[in-house]
Amino acid sequence: MIRVEGLRKHFPGAPAPALDGVSFTLETGQLAAILGPSGSGKSTLLRCIVGLERPDAGTLHLGGQAGLVFQSFELFPHLTALANCTLAQRLVARRPRAEAEARARSLLESLGLGHQLDAWPETLSGGQRQRVAIARALAMEPAVLLYDEPTSALDPSLRREVIETLRRVGGLGMTQLVVTHDVRLARASHQVLVLDQGRLVEQGPPAQVLDAPRHEATRRLLVQEDG
Ligand SMILES: Nc1ncnc2c1ncn2[C@@H]1O[C@H](COP(=O)(O)OP(=O)(O)OP(=O)(O)O)[C@@H](O)[C@H]1O
C-alpha cells in the first residue's frame, strides 16, 4: 500500500506551487492512473514519489523504494533480455549472479518472454521490449512501480499490449501508478486521480470519474480524447 499525505512542492521563482497538498492512498496490487492538463503537476508528483525531487511538505509511505519506468522503455542494446534484467540487480542490489538470473528469468517468464531470454533488444518487438523494461524494473523489487506516459507515441495495438502488461504486473501483486493522457488506459485502472493546478480535483474508480466527471479539468481531458 502507498500513502501520500499533504504533498507540496513549490519550485523557487514559480508563480504557483506545482503540488499544493496532494493526498491519496493506493492499495497493494492496485493500478492508479494520474490524469491532468499540461503543467498540472503529474510529473512532479512522480518525481517526488521516486525521490528525484524533494517535496517542501507532506509525507510518503511506500514501504520500500519506488521504481520508475521511463516513457521510451530504453533497454541496453548490447545486453540480452536476461542480462538487461540482471545488471542492476548485480551492480546496485549486489545480488549473486545465480540469484539475479533466477529472479530475472522468473519475471520474464511471467510476462510471457520465457522463450526470449537470450534475445537482443533489436530483435524484439516494441511490446516485447517494453515487457523486458518492466521486468527489469520489477527485478529490483520496488514497493511501487511508476510509469511516465507509457502509451504516448505508440500505435493502438501496442497501446493495448501495454495495458495488458500493466494488468499482468498488477496480477503479480505490484502496486502501480501511471501518468497518462490515455483515457483507455485510465479506464483499465482501479483508481483515477485527476490533478489540476497542483491539486487533486477528482479521485475514484474510472466508472465514477470518467463517466460522471464533476470537475471541468476532467471534462476537458475527455473531450480532447474524443476529438
Ligand atoms: N524544475 C522546475 N523548476 C521550476 N518549475 C518547474 C520545474 N518542474 C516543473 N515546474 C513547474 O511545475 C508545474 C508542474 O509541472 P509538471 O511537469 O509536474 O506538470 P505535468 O502535469 O507533468 O505537465 P505535462 O503534462 O506537460 O508533462 C508547471 O508549472 C511547471 O512549469
# chains A, B, ... in the order shown; residues from 1 in each chain; ligands from 1
>>> residues_near_ligand(ligand="ligand 1", cutoff="6 Å", atoms="only C-alpha atoms and all ligand atoms", output="compact mmCIF listing (two decimals) with N, CA and C atoms, in the first residue's frame")
# COMPACT_ATOMS: atom_id res chain seq x y z
N PHE A 11 8.37 25.24 -6.74
CA PHE A 11 9.71 25.49 -7.29
C PHE A 11 10.06 26.96 -7.09
N ALA A 14 8.69 30.06 -9.15
CA ALA A 14 7.45 29.75 -9.89
C ALA A 14 6.29 30.53 -9.27
N ALA A 18 3.69 23.64 -7.72
CA ALA A 18 3.46 22.55 -8.68
C ALA A 18 2.57 21.49 -8.04
N PRO A 37 -4.28 18.19 -17.02
CA PRO A 37 -3.77 19.01 -18.12
C PRO A 37 -2.27 19.24 -17.99
N SER A 38 -1.66 19.71 -19.06
CA SER A 38 -0.24 20.03 -19.05
C SER A 38 0.07 21.03 -17.95
N GLY A 39 1.11 20.74 -17.18
CA GLY A 39 1.52 21.66 -16.12
C GLY A 39 0.74 21.49 -14.82
N SER A 40 -0.08 20.44 -14.73
CA SER A 40 -0.92 20.28 -13.53
C SER A 40 -0.14 19.66 -12.36
N GLY A 41 1.06 19.13 -12.64
CA GLY A 41 1.89 18.61 -11.55
C GLY A 41 2.10 17.10 -11.59
N LYS A 42 1.69 16.45 -12.68
CA LYS A 42 1.77 14.98 -12.75
C LYS A 42 3.21 14.48 -12.62
N SER A 43 4.10 15.04 -13.44
CA SER A 43 5.50 14.57 -13.40
C SER A 43 6.14 14.92 -12.06
N THR A 44 5.80 16.08 -11.53
CA THR A 44 6.37 16.47 -10.23
C THR A 44 5.94 15.47 -9.16
>>> residues_around(residues="region 146-153 of chain A", least_positions_apart="6", cutoff="8 Å", atoms="only C-alpha atoms", output="NGL selection string")
:A and (43 or 46 or 50 or 66-72 or 159 or 162 or 176-182)
>>> residues_around(residues="Ala32 (chain A)", least_positions_apart="2", cutoff="12 Å", atoms="only C-alpha atoms", output="PyMOL selection string")
chain A and resi 1-2+24-30+34-35+144-147+166-167+170+174-180+185-194+203-206
>>> closest_residue(among="A:Ala81, A:Val92, A:Val223, A:Val183", to="Ile134 (chain A)", atoms="only C-alpha atoms")
A:Ala81
>>> atom_distance(atom1="CA of Thr80 (chain A)", atom2="CA of Leu117 (chain A)")
7.0 Å
>>> atom_distance(atom1="CA of Ser157 (chain A)", atom2="CA of Arg129 (chain A)")
14.5 Å
>>> residues_around(residues="Leu19 (chain A)", least_positions_apart="3", cutoff="10 Å", atoms="only C-alpha atoms", output="PyMOL selection string")
chain A and resi 6-11+16+22+40-42+44-45+48+55-57+195-200
>>> write_last_selection(atoms="N, CA and C atoms", output="PDB file, in the first residue's frame")
ATOM      1  N   GLY A   6      -0.615  15.236   2.004  1.00  0.00           N
ATOM      2  CA  GLY A   6      -0.290  16.665   2.048  1.00  0.00           C
ATOM      3  C   GLY A   6       0.974  17.051   1.295  1.00  0.00           C
ATOM      4  N   LEU A   7       1.203  16.393   0.152  1.00  0.00           N
ATOM      5  CA  LEU A   7       2.439  16.649  -0.588  1.00  0.00           C
ATOM      6  C   LEU A   7       2.398  18.038  -1.226  1.00  0.00           C
ATOM      7  N   ARG A   8       3.496  18.778  -0.994  1.00  0.00           N
ATOM      8  CA  ARG A   8       3.556  20.138  -1.503  1.00  0.00           C
ATOM      9  C   ARG A   8       4.940  20.399  -2.079  1.00  0.00           C
ATOM     10  N   LYS A   9       4.948  21.031  -3.264  1.00  0.00           N
ATOM     11  CA  LYS A   9       6.217  21.393  -3.892  1.00  0.00           C
ATOM     12  C   LYS A   9       6.047  22.714  -4.628  1.00  0.00           C
ATOM     13  N   HIS A  10       6.811  23.692  -4.226  1.00  0.00           N
ATOM     14  CA  HIS A  10       6.787  24.990  -4.902  1.00  0.00           C
ATOM     15  C   HIS A  10       8.192  25.269  -5.413  1.00  0.00           C
ATOM     16  N   PHE A  11       8.375  25.239  -6.741  1.00  0.00           N
ATOM     17  CA  PHE A  11       9.711  25.494  -7.294  1.00  0.00           C
ATOM     18  C   PHE A  11      10.062  26.962  -7.089  1.00  0.00           C
ATOM     19  N   ALA A  16       3.211  29.679  -8.864  1.00  0.00           N
ATOM     20  CA  ALA A  16       2.281  28.884  -8.048  1.00  0.00           C
ATOM     21  C   ALA A  16       2.924  27.541  -7.742  1.00  0.00           C
ATOM     22  N   VAL A  22      -1.298  17.354  -1.963  1.00  0.00           N
ATOM     23  CA  VAL A  22      -1.870  16.169  -2.631  1.00  0.00           C
ATOM     24  C   VAL A  22      -1.866  14.986  -1.665  1.00  0.00           C
ATOM     25  N   SER A  40      -0.082  20.445 -14.735  1.00  0.00           N
ATOM     26  CA  SER A  40      -0.916  20.284 -13.530  1.00  0.00           C
ATOM     27  C   SER A  40      -0.144  19.658 -12.363  1.00  0.00           C
ATOM     28  N   GLY A  41       1.065  19.132 -12.636  1.00  0.00           N
ATOM     29  CA  GLY A  41       1.889  18.607 -11.550  1.00  0.00           C
ATOM     30  C   GLY A  41       2.102  17.100 -11.587  1.00  0.00           C
ATOM     31  N   LYS A  42       1.691  16.448 -12.678  1.00  0.00           N
ATOM     32  CA  LYS A  42       1.774  14.984 -12.747  1.00  0.00           C
ATOM     33  C   LYS A  42       3.211  14.479 -12.622  1.00  0.00           C
ATOM     34  N   THR A  44       5.798  16.081 -11.531  1.00  0.00           N
ATOM     35  CA  THR A  44       6.370  16.467 -10.230  1.00  0.00           C
ATOM     36  C   THR A  44       5.940  15.468  -9.157  1.00  0.00           C
ATOM     37  N   LEU A  45       4.697  15.019  -9.218  1.00  0.00           N
ATOM     38  CA  LEU A  45       4.217  14.030  -8.251  1.00  0.00           C
ATOM     39  C   LEU A  45       5.036  12.735  -8.371  1.00  0.00           C
ATOM     40  N   CYS A  48       8.572  13.261  -7.070  1.00  0.00           N
ATOM     41  CA  CYS A  48       8.634  13.295  -5.597  1.00  0.00           C
ATOM     42  C   CYS A  48       8.550  11.878  -5.032  1.00  0.00           C
ATOM     43  N   PRO A  55      10.030  17.048  -1.798  1.00  0.00           N
ATOM     44  CA  PRO A  55       8.855  17.875  -1.526  1.00  0.00           C
ATOM     45  C   PRO A  55       9.139  18.889  -0.418  1.00  0.00           C
ATOM     46  N   ASP A  56       8.428  20.025  -0.442  1.00  0.00           N
ATOM     47  CA  ASP A  56       8.580  21.031   0.620  1.00  0.00           C
ATOM     48  C   ASP A  56       7.859  20.576   1.885  1.00  0.00           C
ATOM     49  N   ALA A  57       6.770  19.849   1.704  1.00  0.00           N
ATOM     50  CA  ALA A  57       5.996  19.385   2.856  1.00  0.00           C
ATOM     51  C   ALA A  57       5.229  18.141   2.447  1.00  0.00           C
ATOM     52  N   LEU A 195      -5.388  15.609 -11.548  1.00  0.00           N
ATOM     53  CA  LEU A 195      -4.695  16.770 -10.994  1.00  0.00           C
ATOM     54  C   LEU A 195      -5.040  17.999 -11.819  1.00  0.00           C
ATOM     55  N   ASP A 196      -5.207  19.115 -11.151  1.00  0.00           N
ATOM     56  CA  ASP A 196      -5.364  20.388 -11.837  1.00  0.00           C
ATOM     57  C   ASP A 196      -4.706  21.455 -10.972  1.00  0.00           C
ATOM     58  N   GLN A 197      -3.758  22.179 -11.539  1.00  0.00           N
ATOM     59  CA  GLN A 197      -3.024  23.224 -10.816  1.00  0.00           C
ATOM     60  C   GLN A 197      -2.500  22.736  -9.461  1.00  0.00           C
ATOM     61  N   GLY A 198      -1.925  21.528  -9.487  1.00  0.00           N
ATOM     62  CA  GLY A 198      -1.275  21.015  -8.287  1.00  0.00           C
ATOM     63  C   GLY A 198      -2.209  20.446  -7.232  1.00  0.00           C
ATOM     64  N   ARG A 199      -3.482  20.395  -7.539  1.00  0.00           N
ATOM     65  CA  ARG A 199      -4.434  19.828  -6.571  1.00  0.00           C
ATOM     66  C   ARG A 199      -5.134  18.626  -7.169  1.00  0.00           C
ATOM     67  N   LEU A 200      -5.455  17.680  -6.299  1.00  0.00           N
ATOM     68  CA  LEU A 200      -6.200  16.507  -6.728  1.00  0.00           C
ATOM     69  C   LEU A 200      -7.681  16.884  -6.745  1.00  0.00           C
TER      70      LEU A 200
END
>>> select_by_dssp(residues="region 152-182 of chain A", states="strand (DSSP E or B)", output="ChimeraX atom specification")
/A:175-179
>>> closest_residue(among="A:Arg168, A:Arg54, A:His215, A:Arg47", to="Val201 (chain A)", atoms="only C-alpha atoms")
A:His215
>>> closest_residue(among="A:Gln128, A:Arg160, A:Thr86, A:Ala33", to="Val209 (chain A)", atoms="only C-alpha atoms")
A:Ala33
>>> select_by_dssp(residues="region 42-160 of chain A", states="helix (DSSP H, G or I)", output="PDB file with C-alpha atoms, in the first residue's frame")
ATOM      1  CA  LYS A  42       1.774  14.984 -12.747  1.00  0.00           C
ATOM      2  CA  SER A  43       5.495  14.573 -13.396  1.00  0.00           C
ATOM      3  CA  THR A  44       6.370  16.467 -10.230  1.00  0.00           C
ATOM      4  CA  LEU A  45       4.217  14.030  -8.251  1.00  0.00           C
ATOM      5  CA  LEU A  46       6.002  11.021  -9.788  1.00  0.00           C
ATOM      6  CA  ARG A  47       9.399  12.634  -9.275  1.00  0.00           C
ATOM      7  CA  CYS A  48       8.634  13.295  -5.597  1.00  0.00           C
ATOM      8  CA  ILE A  49       7.477   9.712  -5.059  1.00  0.00           C
ATOM      9  CA  VAL A  50      10.544   8.231  -6.725  1.00  0.00           C
ATOM     10  CA  ALA A  81      16.864  -9.582 -22.395  1.00  0.00           C
ATOM     11  CA  LEU A  82      18.079 -11.635 -19.441  1.00  0.00           C
ATOM     12  CA  ALA A  83      21.227  -9.525 -18.961  1.00  0.00           C
ATOM     13  CA  ASN A  84      19.165  -6.330 -19.112  1.00  0.00           C
ATOM     14  CA  CYS A  85      17.229  -7.681 -16.138  1.00  0.00           C
ATOM     15  CA  THR A  86      20.253  -8.772 -14.098  1.00  0.00           C
ATOM     16  CA  LEU A  87      22.645  -5.808 -14.450  1.00  0.00           C
ATOM     17  CA  ALA A  88      21.162  -3.507 -11.812  1.00  0.00           C
ATOM     18  CA  GLN A  89      20.415  -6.443  -9.537  1.00  0.00           C
ATOM     19  CA  ARG A  90      24.109  -7.307  -9.555  1.00  0.00           C
ATOM     20  CA  LEU A  91      25.632  -3.817  -9.559  1.00  0.00           C
ATOM     21  CA  ARG A  97      24.689 -13.917 -10.357  1.00  0.00           C
ATOM     22  CA  ALA A  98      22.642 -17.103  -9.862  1.00  0.00           C
ATOM     23  CA  GLU A  99      20.086 -15.343  -7.698  1.00  0.00           C
ATOM     24  CA  ALA A 100      19.807 -12.350 -10.054  1.00  0.00           C
ATOM     25  CA  GLU A 101      19.395 -14.624 -13.070  1.00  0.00           C
ATOM     26  CA  ALA A 102      16.787 -16.793 -11.374  1.00  0.00           C
ATOM     27  CA  ARG A 103      14.727 -13.743 -10.471  1.00  0.00           C
ATOM     28  CA  ALA A 104      15.091 -12.230 -13.958  1.00  0.00           C
ATOM     29  CA  ARG A 105      14.142 -15.496 -15.628  1.00  0.00           C
ATOM     30  CA  SER A 106      11.070 -15.943 -13.487  1.00  0.00           C
ATOM     31  CA  LEU A 107       9.882 -12.371 -14.147  1.00  0.00           C
ATOM     32  CA  LEU A 108      10.491 -12.608 -17.887  1.00  0.00           C
ATOM     33  CA  GLU A 109       8.592 -15.896 -17.923  1.00  0.00           C
ATOM     34  CA  SER A 110       5.680 -14.437 -16.021  1.00  0.00           C
ATOM     35  CA  GLY A 114      10.425 -17.165 -21.337  1.00  0.00           C
ATOM     36  CA  HIS A 115      11.442 -18.056 -24.908  1.00  0.00           C
ATOM     37  CA  GLN A 116      13.259 -14.724 -25.449  1.00  0.00           C
ATOM     38  CA  PRO A 121      16.751  -5.925 -27.877  1.00  0.00           C
ATOM     39  CA  GLU A 122      16.885  -5.074 -31.599  1.00  0.00           C
ATOM     40  CA  THR A 123      15.338  -8.449 -32.452  1.00  0.00           C
ATOM     41  CA  GLY A 126       8.180  -2.930 -29.364  1.00  0.00           C
ATOM     42  CA  GLY A 127       5.792  -4.675 -26.996  1.00  0.00           C
ATOM     43  CA  GLN A 128       8.361  -7.284 -26.044  1.00  0.00           C
ATOM     44  CA  ARG A 129      10.971  -4.604 -25.366  1.00  0.00           C
ATOM     45  CA  GLN A 130       8.531  -2.874 -23.071  1.00  0.00           C
ATOM     46  CA  ARG A 131       7.924  -6.054 -21.151  1.00  0.00           C
ATOM     47  CA  VAL A 132      11.683  -6.530 -20.710  1.00  0.00           C
ATOM     48  CA  ALA A 133      11.946  -2.948 -19.400  1.00  0.00           C
ATOM     49  CA  ILE A 134       9.136  -3.630 -16.938  1.00  0.00           C
ATOM     50  CA  ALA A 135      10.694  -6.950 -15.854  1.00  0.00           C
ATOM     51  CA  ARG A 136      13.974  -5.082 -15.321  1.00  0.00           C
ATOM     52  CA  ALA A 137      12.230  -2.598 -13.021  1.00  0.00           C
ATOM     53  CA  LEU A 138      10.355  -5.373 -11.181  1.00  0.00           C
ATOM     54  CA  PRO A 156      -3.105   1.490 -30.921  1.00  0.00           C
ATOM     55  CA  SER A 157      -2.175  -2.207 -30.938  1.00  0.00           C
ATOM     56  CA  LEU A 158       0.941  -1.539 -28.896  1.00  0.00           C
ATOM     57  CA  ARG A 159      -1.119   0.589 -26.519  1.00  0.00           C
ATOM     58  CA  ARG A 160      -3.429  -2.334 -25.916  1.00  0.00           C
TER      59      ARG A 160
END
>>> decode(residues="region 53-74 of chain A", atoms="N, CA and C atoms", output="mmCIF file, in the first residue's frame")
data_model
loop_
_atom_site.group_PDB
_atom_site.id
_atom_site.type_symbol
_atom_site.label_atom_id
_atom_site.label_comp_id
_atom_site.auth_asym_id
_atom_site.auth_seq_id
_atom_site.Cartn_x
_atom_site.Cartn_y
_atom_site.Cartn_z
ATOM 1 N N GLU A 53 12.855 14.393 -6.686
ATOM 2 C CA GLU A 53 12.528 15.758 -6.274
ATOM 3 C C GLU A 53 12.175 15.695 -4.799
ATOM 4 N N ARG A 54 12.595 16.734 -4.050
ATOM 5 C CA ARG A 54 12.314 16.716 -2.621
ATOM 6 C C ARG A 54 11.104 17.609 -2.354
ATOM 7 N N PRO A 55 10.030 17.048 -1.798
ATOM 8 C CA PRO A 55 8.855 17.875 -1.526
ATOM 9 C C PRO A 55 9.139 18.889 -0.418
ATOM 10 N N ASP A 56 8.428 20.025 -0.442
ATOM 11 C CA ASP A 56 8.580 21.031 0.620
ATOM 12 C C ASP A 56 7.859 20.576 1.885
ATOM 13 N N ALA A 57 6.770 19.849 1.704
ATOM 14 C CA ALA A 57 5.996 19.385 2.856
ATOM 15 C C ALA A 57 5.229 18.141 2.447
ATOM 16 N N GLY A 58 4.755 17.413 3.460
ATOM 17 C CA GLY A 58 3.960 16.220 3.194
ATOM 18 C C GLY A 58 4.730 14.961 3.530
ATOM 19 N N THR A 59 4.028 13.849 3.539
ATOM 20 C CA THR A 59 4.667 12.577 3.855
ATOM 21 C C THR A 59 4.326 11.527 2.811
ATOM 22 N N LEU A 60 5.273 10.601 2.649
ATOM 23 C CA LEU A 60 5.125 9.492 1.704
ATOM 24 C C LEU A 60 5.357 8.199 2.461
ATOM 25 N N HIS A 61 4.410 7.283 2.381
ATOM 26 C CA HIS A 61 4.614 5.947 2.954
ATOM 27 C C HIS A 61 4.557 4.957 1.806
ATOM 28 N N LEU A 62 5.702 4.406 1.444
ATOM 29 C CA LEU A 62 5.733 3.481 0.310
ATOM 30 C C LEU A 62 5.992 2.055 0.761
ATOM 31 N N GLY A 63 6.618 1.896 1.908
ATOM 32 C CA GLY A 63 7.015 0.561 2.348
ATOM 33 C C GLY A 63 8.164 0.019 1.532
ATOM 34 N N GLY A 64 8.991 0.899 0.981
ATOM 35 C CA GLY A 64 10.141 0.459 0.178
ATOM 36 C C GLY A 64 10.491 1.521 -0.844
ATOM 37 N N GLN A 65 11.241 1.106 -1.856
ATOM 38 C CA GLN A 65 11.648 2.023 -2.919
ATOM 39 C C GLN A 65 10.581 2.065 -4.011
ATOM 40 N N ALA A 66 10.558 3.182 -4.737
ATOM 41 C CA ALA A 66 9.715 3.247 -5.928
ATOM 42 C C ALA A 66 10.589 3.006 -7.148
ATOM 43 N N GLY A 67 10.059 2.294 -8.119
ATOM 44 C CA GLY A 67 10.782 2.081 -9.381
ATOM 45 C C GLY A 67 10.130 2.917 -10.462
ATOM 46 N N LEU A 68 10.932 3.462 -11.364
ATOM 47 C CA LEU A 68 10.385 4.309 -12.422
ATOM 48 C C LEU A 68 10.662 3.668 -13.779
ATOM 49 N N VAL A 69 9.608 3.514 -14.579
ATOM 50 C CA VAL A 69 9.772 3.014 -15.945
ATOM 51 C C VAL A 69 9.616 4.209 -16.879
ATOM 52 N N PHE A 70 10.658 4.502 -17.632
ATOM 53 C CA PHE A 70 10.634 5.705 -18.466
ATOM 54 C C PHE A 70 9.783 5.504 -19.711
ATOM 55 N N GLN A 71 9.369 6.621 -20.267
ATOM 56 C CA GLN A 71 8.482 6.617 -21.428
ATOM 57 C C GLN A 71 9.023 5.760 -22.577
ATOM 58 N N SER A 72 10.322 5.890 -22.822
ATOM 59 C CA SER A 72 10.882 5.235 -24.005
ATOM 60 C C SER A 72 11.256 3.769 -23.758
ATOM 61 N N PHE A 73 11.135 3.298 -22.510
ATOM 62 C CA PHE A 73 11.418 1.893 -22.201
ATOM 63 C C PHE A 73 12.801 1.472 -22.688
ATOM 64 N N GLU A 74 13.776 2.366 -22.583
ATOM 65 C CA GLU A 74 15.071 2.055 -23.197
ATOM 66 C C GLU A 74 15.766 0.871 -22.541
#
